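J.: I have a structure I would like to understand better, so I am pasting it below and will then ask my questions one at a time.
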Amino acid sequence: MSASSAVDPRGPRFAAVVTTVVLAVVLLTGWWPLLAAQTVVFAIGAFVGLRPAPYSVLYRVLVAPRLRPTSEREDAAPLRFAQAVGFVFALVGTVGYAAGLPVLGIVATAFALFAAFLNAAFGFCLGCEMYLLIRRLAPRAEQA
Amino acid sequence: MTGVWVLVGTLVAGLLAGALLARRNGRIRAAGPARAEHALPAPVAAVLDTSATGPAVTLVQLSTTFCAPCRHARAVLGQLAERTDGLRHVELDVTHQPQVAQQLGVLRTPTTLALGPEGDELLRVSGVPKAPELLAALEAHLTRARPTD
């Protein structure tokens with residue numbers, strides 16, 4: 001894998017923490033514009049790249065200068081796939097809240113929060129490991 | 001108010017799932033009799049060396065492009081195979097052939113199958129294997145002399 005497709009593994013972990021907090025606030029307040037913003041954040045990470053993703057920018061500007069540099073690198077492909085999974089749930093959640101279907105909004109947000117929390121607390125990337133399971137459930141959805 | 005309960009429920013579920021996953025990571029499962037007799041999917045059979053000089057045990061690691069811990073598993077198993085006689089490590093990327101994983105009943109990657117000389121499944125490990133435990137579980141299969149007739 002090329003150097004450009006690899007990232008400091010602490011960046012995605014930081015992003016997962018921020019995502020967890022944002023989704024928790026969405027659940028508490030039901031304020032869907034915040035979920036819409038999180039959907040855009042997922043979309044950038046999944047479809048544009050991890051470097052321009054807002055939370056990675058935040059990590060590089062605010063957090064990384066305070067940490068020791070690390071030579072450890074993590075491949076970006078699994079992380080971008082996981083962002084795409086997050087994007088789908090956040091999008092469904094946003095549509096649910098905005099269309100007056102709060103149950104759909106809450107359930108979709110809860111799923112996204114579950115995955116983000118597992119990553120933040122345990123460093124376990126649910127979307128990454130469940131790739132095969134997701135492929136089985138949605139055989140044609142993730143051809144990219 | 002609903003949101004508060006859903007939030008608490010989700011976080012509790014997350015804690016339980018996280019603890020369960022951490023405990024299951026690297027766990028070794030013996031192959032059931034049905035599994036051992038099951039025909040191997042062709043791509044798996046293709047990587048096996050069934051010749052008389054082949055390894056006693058082949059570790060077939062199923063990976064996908066989207067799997068972060070697969071890299072760690074590759075490092076652990078590669079080193080283990082390098083310093084262990086009769087042990088070979090092969091990585092099989094199933095990103096574009098999910099049916100292989102389906103036939104084997106594999107839901108997450110990395111999952112590693114330990115196969116005997118004839119392709120019989122000895123055991124499987126889900127998650128990143130722990131080298132000492134895996135070696136201990138394979139000891140009997142590694143030391144057993146290959147039938148030479």
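By convention here, the chains of the structure tokens are called A, B, ... in the order presented, each chain's residues are numbered starting at 1, and ligands are numbered starting at 1 in the order presented.
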If we count only C-alpha atoms, which residues of chain B reach to within 6 Å of chain A? Please list them as a PyMOL selection string.

T.: chain B and resi 3-4+10+14+66-68+107-109

J.: Could you dump the residues just selected with N, CA and C atoms as a JSON list (two decimals), in the first residue's frame?

T.:
[["chain", "number", "residue", "atom", "x", "y", "z"],
["B", 3, "GLY", "N", -34.96, 9.80, 23.63],
["B", 3, "GLY", "CA", -33.56, 9.89, 23.21],
["B", 3, "GLY", "C", -32.60, 9.48, 24.30],
["B", 4, "VAL", "N", -32.90, 9.89, 25.54],
["B", 4, "VAL", "CA", -32.01, 9.57, 26.67],
["B", 4, "VAL", "C", -31.92, 8.06, 26.84],
["B", 10, "THR", "N", -27.96, 2.21, 23.93],
["B", 10, "THR", "CA", -26.96, 2.00, 22.89],
["B", 10, "THR", "C", -25.56, 1.90, 23.49],
["B", 14, "GLY", "N", -23.16, -1.22, 23.47],
["B", 14, "GLY", "CA", -21.81, -1.06, 22.93],
["B", 14, "GLY", "C", -20.76, -1.61, 23.87],
["B", 66, "PHE", "N", -10.85, -4.19, 3.07],
["B", 66, "PHE", "CA", -11.43, -3.25, 4.01],
["B", 66, "PHE", "C", -11.20, -3.65, 5.46],
["B", 67, "CYS", "N", -10.20, -4.47, 5.70],
["B", 67, "CYS", "CA", -10.03, -5.05, 7.02],
["B", 67, "CYS", "C", -8.74, -4.54, 7.65],
["B", 68, "ALA", "N", -8.88, -3.70, 8.67],
["B", 68, "ALA", "CA", -7.70, -3.14, 9.31],
["B", 68, "ALA", "C", -6.89, -4.18, 10.10],
["B", 107, "LEU", "N", -17.89, -14.91, 8.78],
["B", 107, "LEU", "CA", -18.63, -13.66, 8.75],
["B", 107, "LEU", "C", -17.73, -12.44, 8.94],
["B", 108, "ARG", "N", -16.58, -12.63, 9.57],
["B", 108, "ARG", "CA", -15.73, -11.46, 9.79],
["B", 108, "ARG", "C", -14.31, -11.81, 9.39],
["B", 109, "THR", "N", -13.57, -10.77, 9.05],
["B", 109, "THR", "CA", -12.16, -10.96, 8.73],
["B", 109, "THR", "C", -11.34, -10.20, 9.74]]

J.: For Leu134 of chain B, please output as number ranges by chain all residues within 10 Å (counting only C-alpha atoms; exclusion window: fewer than 6 positions along the same chain).

T.: B: 26-28, 77, 80, 114, 123-125

J.: As an MDAnalysis selection string, please: the residues near segment 40-53 of chain B (cut-off 8 Å, only C-alpha atoms, same-chain neighbours under 3 positions excluded).

T.: chainID B and resid 58 60 90 92 100 103:104 117:119 148

J.: Filtering to N, CA and C atoms, could you give me those residues as a short mmCIF file (atom, residue, chain, number, x, y, z; two decimals), in the first residue's frame?

T.:
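Result saved to selection08.cif:
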data_model
loop_
_atom_site.label_atom_id
_atom_site.label_comp_id
_atom_site.auth_asym_id
_atom_site.auth_seq_id
_atom_site.Cartn_x
_atom_site.Cartn_y
_atom_site.Cartn_z
N THR B 58 -1.33 -25.84 7.07
CA THR B 58 -1.38 -24.59 6.30
C THR B 58 -2.38 -23.66 6.98
N VAL B 60 -4.63 -20.71 6.40
CA VAL B 60 -5.22 -19.90 5.34
C VAL B 60 -5.96 -18.74 6.00
N VAL B 90 -0.72 -18.63 4.30
CA VAL B 90 -1.17 -18.08 3.03
C VAL B 90 -2.30 -17.11 3.31
N LEU B 92 -5.54 -15.14 1.78
CA LEU B 92 -6.47 -15.21 0.66
C LEU B 92 -7.40 -14.01 0.75
N VAL B 100 -16.70 -17.41 -1.20
CA VAL B 100 -15.76 -18.31 -0.52
C VAL B 100 -15.99 -18.24 0.99
N GLN B 103 -19.28 -19.95 1.86
CA GLN B 103 -19.21 -21.42 1.88
C GLN B 103 -18.53 -21.93 3.15
N LEU B 104 -17.59 -21.13 3.65
CA LEU B 104 -16.85 -21.55 4.83
C LEU B 104 -17.55 -21.11 6.12
N PRO B 117 -2.74 -31.66 5.98
CA PRO B 117 -2.11 -31.95 4.68
C PRO B 117 -3.13 -32.25 3.58
N GLU B 118 -4.27 -32.83 3.94
CA GLU B 118 -5.27 -33.18 2.93
C GLU B 118 -6.33 -32.09 2.78
N GLY B 119 -6.12 -30.96 3.42
CA GLY B 119 -7.10 -29.90 3.34
C GLY B 119 -8.20 -30.03 4.37
N THR B 148 3.74 -41.67 4.91
CA THR B 148 4.65 -41.66 3.76
C THR B 148 4.32 -42.73 2.74
#

J.: Do you know which residues are at most 7 Å from segment 37-47 of chain A counting only C-alpha atoms, after dropping those on the same chain fewer than 6 positions away, and could you put them as a ChimeraX atom specification?

T.: /A:53-54,80-81,83-84,86-87,90-91

J.: Mind the document's chain letters and residue numbers, and return as a list in words the residues of segment 2-144 of chain A that DSSP labels strand (DSSP E or B).

T.: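 The residues of segment 2-144 of chain A classed as strand (DSSP E or B) are Ala6, Val7, Glu74 and Asp75 of chain A.
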
J.: Report the distance between atom CA of Tyr59 of chain A and atom CA of Pro33 of chain A in Å, rounded to one decimal place.

T.: 23.0 Å
